[in-house]
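For reference, the structure discussed in these notes is given below.
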Amino acid sequence: MSRSRRADAARAGSSRASGVRPAAAGGGRSGVQTLVVAADEAGMRIDRFFAARFPGLSFSHIQRIVRKGEVRVDGRRTQPGARLAAGQVVRVPPLEPLAPPPRANATQAERDRAFLRSITLYEDADVLVLNKPEGLAVQGGSGTAHHLDAMLDALRGRAADAQRPRLVHRLDKDTAGCLLVAKTRFAAAALARTFRSRAARKIYWALVAGVPKPRQGRISTFLAKEERAQESIMRVAAHGEKGASHAVTYYAVIDTAARQLSWVSLKPVTGRTHQLRAHMAHIGHPIVGDQKYFNRENWTLPGGIQNRLHLLARRIVVPHPRHGTIDVSAPLPPHMQQSWNLLGFDASRYDPIMAAPED
């Protein structure tokens, strides 16, 4: 490759895509560009590389263009599972454009509908599973006007007897991932029974400080709310203490980075407020970016990792209100994907927590 072409490729690679259709690069046909594999992307599968660089693309589309030979690595065809090396040049074909953003003069309901559709992971006549972004509140509260619950009004049909979708469970504002919504009263009642009986399985991924010992275990405590000057937190409490509730979490270490950080899978049996965050802090391995519960003194955030909560509601498995099972997984949010790339974690790695007991 000529020096000038390699320089063009390097400039193209230095700008990470964010789900928009790429601009043309070099002298190729319109929409074609070349990207250089960065050092922190070495060892990534080509399909995961595309998922990280172009989060707006569907995974099936990525697999298709790779298998058809439209993606080239150093000028050669490749396979979805092939792993990349730093400095390799990836040819990116014209990509499917994302749905156009709502018109500037669109009504708020139209904008809300468009946004909700853009984060939908699964939908049928009864149920909706959303990929809640990190930083977006699920419900309103003091000083919170912008939240998902208010947006659900936009999905109500126009018929006189149209039903408003309603939340089935909650996620913290800074937690990303799978959020289950009932579209009908029938589904809401059925799913509420499912959660009360603890028949719903929820799997979370987190990046935590240090390496838990043992690498798989069970955390069982009582948690109680404690009011502080500016905020409230959940603290470990004694059995029988007023306001204390029993909380149980299973955890498993999936991978580690230099014994400084661990990728942990978490399975809450109970659903207490801030349960996972409080439990990981309790065993001495708080979640990276947790502004409330990170309690390690003199701990320095590794370079390249954003100081944002690294907690993802990765997967939800529940009986469908009418038939079968709902089993949906959410991708890593951008700040966690960046950390996974930097640390060399492979998101397709086996997750042992699925075999954990239910109680």
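Residues in the structure tokens are numbered from 1 in each chain, the chains being A, B, ... in the order shown, and ligands are numbered from 1 in the order shown.
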Q.
Quick one: residues within 9 Å of segment 338-342 of chain A, only C-alpha atoms, excluding same-chain residues fewer than 2 positions away - as a PyMOL selection string?
A. chain A and resi 39-42+44+49+52+207+263+304-306+310+332-336+344-347
Q: Tell me which protein, DNA and RNA residues are within 12 Å of Ser197 of chain A, counting only C-alpha atoms, leaving out same-chain ones fewer than 2 positions away, and put them as a PyMOL selection string.
A: chain A and resi 190-195+199-201+269-271+318-319+358-359
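Here atom CA of Arg164 of chain A and atom CA of Gln275 of chain A stand 29.3 Å from one another.
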Which neighbours of Lys132 of chain A fall inside 9 Å, counting only C-alpha atoms, when residues of the same chain fewer than 3 positions from it are skipped, and could you give them as a PDB file with N, CA and C atoms, in the first residue's frame?
ATOM      1  N   ILE A 119     -34.482   1.766  19.912  1.00  0.00           N
ATOM      2  CA  ILE A 119     -33.867   0.993  20.990  1.00  0.00           C
ATOM      3  C   ILE A 119     -34.634  -0.298  21.283  1.00  0.00           C
ATOM      4  N   THR A 120     -35.527  -0.692  20.379  1.00  0.00           N
ATOM      5  CA  THR A 120     -36.318  -1.909  20.584  1.00  0.00           C
ATOM      6  C   THR A 120     -35.497  -3.152  20.230  1.00  0.00           C
ATOM      7  N   GLY A 135     -27.742   6.450  31.454  1.00  0.00           N
ATOM      8  CA  GLY A 135     -27.980   7.868  31.689  1.00  0.00           C
ATOM      9  C   GLY A 135     -29.409   8.316  31.505  1.00  0.00           C
ATOM     10  N   LEU A 136     -30.282   7.449  31.002  1.00  0.00           N
ATOM     11  CA  LEU A 136     -31.691   7.797  30.824  1.00  0.00           C
ATOM     12  C   LEU A 136     -32.508   7.189  31.956  1.00  0.00           C
ATOM     13  N   ALA A 137     -33.248   8.026  32.673  1.00  0.00           N
ATOM     14  CA  ALA A 137     -34.063   7.547  33.789  1.00  0.00           C
ATOM     15  C   ALA A 137     -35.246   6.728  33.282  1.00  0.00           C
ATOM     16  N   VAL A 138     -35.605   5.710  34.040  1.00  0.00           N
ATOM     17  CA  VAL A 138     -36.763   4.888  33.684  1.00  0.00           C
ATOM     18  C   VAL A 138     -38.053   5.577  34.099  1.00  0.00           C
ATOM     19  N   LEU A 148     -38.180   7.370  30.434  1.00  0.00           N
ATOM     20  CA  LEU A 148     -38.797   6.407  29.527  1.00  0.00           C
ATOM     21  C   LEU A 148     -40.285   6.221  29.771  1.00  0.00           C
ATOM     22  N   LEU A 171     -34.785  -0.238  36.040  1.00  0.00           N
ATOM     23  CA  LEU A 171     -33.327  -0.219  36.007  1.00  0.00           C
ATOM     24  C   LEU A 171     -32.868   1.129  36.544  1.00  0.00           C
ATOM     25  N   THR A 175     -27.705   2.421  34.610  1.00  0.00           N
ATOM     26  CA  THR A 175     -27.576   1.044  34.141  1.00  0.00           C
ATOM     27  C   THR A 175     -28.196   0.931  32.755  1.00  0.00           C
ATOM     28  N   ALA A 176     -27.461   0.331  31.831  1.00  0.00           N
ATOM     29  CA  ALA A 176     -27.966   0.136  30.471  1.00  0.00           C
ATOM     30  C   ALA A 176     -28.534  -1.275  30.329  1.00  0.00           C
ATOM     31  N   GLY A 177     -29.299  -1.503  29.242  1.00  0.00           N
ATOM     32  CA  GLY A 177     -29.678  -2.864  28.889  1.00  0.00           C
ATOM     33  C   GLY A 177     -31.155  -3.167  28.874  1.00  0.00           C
ATOM     34  N   CYS A 178     -31.479  -4.454  29.025  1.00  0.00           N
ATOM     35  CA  CYS A 178     -32.820  -4.985  28.787  1.00  0.00           C
ATOM     36  C   CYS A 178     -33.847  -4.465  29.789  1.00  0.00           C
ATOM     37  N   LEU A 179     -34.886  -3.845  29.251  1.00  0.00           N
ATOM     38  CA  LEU A 179     -35.990  -3.339  30.066  1.00  0.00           C
ATOM     39  C   LEU A 179     -37.289  -3.879  29.481  1.00  0.00           C
ATOM     40  N   ALA A 313     -27.656  -4.602  32.034  1.00  0.00           N
ATOM     41  CA  ALA A 313     -28.678  -5.639  32.135  1.00  0.00           C
ATOM     42  C   ALA A 313     -28.587  -6.452  30.845  1.00  0.00           C
TER      43      ALA A 313
END
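Among the candidates A:Thr34, A:Asn295, A:Thr273, A:Gln337, the one nearest to Arg48 of chain A when counting only C-alpha atoms is A:Gln337.
Counting from atom CA of Asp124 of chain A, the distance to atom CA of Thr107 of chain A is 25.2 Å.
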**Q.** Residue list (strand (DSSP E or B), DSSP) for segment 133-269 of chain A, as an NGL selection string
**A.** :A and (137 or 141 or 144 or 147 or 166-167 or 176-182 or 201-209 or 216-227 or 232-237 or 245-257 or 261-268)
Q. Contacts of Ala188 of chain A at 9 Å or less, counting only C-alpha atoms, minus same-chain residues fewer than 4 places along, as number ranges by chain?
A. A: 126-127, 165-168, 181-184, 192-193, 321
Take the residues from that selection and put them in a file with N, CA and C atoms, as a short mmCIF file (atom, residue, chain, number, x, y, z; two decimals), in the first residue's frame.
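Output file result-v7.cif follows:
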data_model
loop_
_atom_site.label_atom_id
_atom_site.label_comp_id
_atom_site.auth_asym_id
_atom_site.auth_seq_id
_atom_site.Cartn_x
_atom_site.Cartn_y
_atom_site.Cartn_z
N ASP A 126 -47.90 -8.35 22.77
CA ASP A 126 -48.04 -8.22 24.22
C ASP A 126 -46.86 -7.57 24.92
N VAL A 127 -45.68 -7.73 24.35
CA VAL A 127 -44.45 -7.41 25.08
C VAL A 127 -43.48 -6.59 24.23
N PRO A 165 -48.78 1.14 27.13
CA PRO A 165 -47.73 0.23 27.62
C PRO A 165 -47.27 0.65 29.01
N ARG A 166 -46.88 -0.33 29.80
CA ARG A 166 -46.48 -0.02 31.17
C ARG A 166 -45.22 -0.81 31.54
N LEU A 167 -44.41 -0.22 32.41
CA LEU A 167 -43.18 -0.85 32.86
C LEU A 167 -43.48 -2.08 33.71
N VAL A 168 -42.66 -3.10 33.56
CA VAL A 168 -42.80 -4.32 34.35
C VAL A 168 -41.79 -4.35 35.49
N VAL A 181 -41.29 -4.24 28.96
CA VAL A 181 -42.48 -3.40 28.97
C VAL A 181 -43.68 -4.24 28.53
N ALA A 182 -44.78 -4.14 29.25
CA ALA A 182 -46.01 -4.83 28.86
C ALA A 182 -46.86 -3.89 28.00
N LYS A 183 -47.36 -4.38 26.88
CA LYS A 183 -48.16 -3.55 25.98
C LYS A 183 -49.64 -3.65 26.28
N THR A 184 -50.05 -4.65 27.05
CA THR A 184 -51.46 -4.83 27.36
C THR A 184 -51.64 -5.08 28.86
N ALA A 192 -46.23 -9.45 35.99
CA ALA A 192 -46.10 -9.10 37.41
C ALA A 192 -46.08 -10.36 38.27
N ARG A 193 -46.93 -11.34 37.94
CA ARG A 193 -46.93 -12.61 38.66
C ARG A 193 -45.60 -13.34 38.49
N PRO A 321 -46.31 -14.19 28.34
CA PRO A 321 -47.65 -14.20 28.94
C PRO A 321 -48.61 -15.20 28.29
#
**Q.** Neighbour list for Arg117 of chain A as a count of residues only, cut-off 10 Å, only C-alpha atoms, skip fewer than 6 positions in-chain
**A.** 5
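Proximity to Gln230 of chain A was assessed for A:Leu309, A:Arg277, A:Lys292, A:Arg83 counting only C-alpha atoms; the smallest distance is recorded for A:Lys292.
Between atom CA of Asp351 of chain A and atom CA of Ala281 of chain A lies a distance of 21.6 Å.
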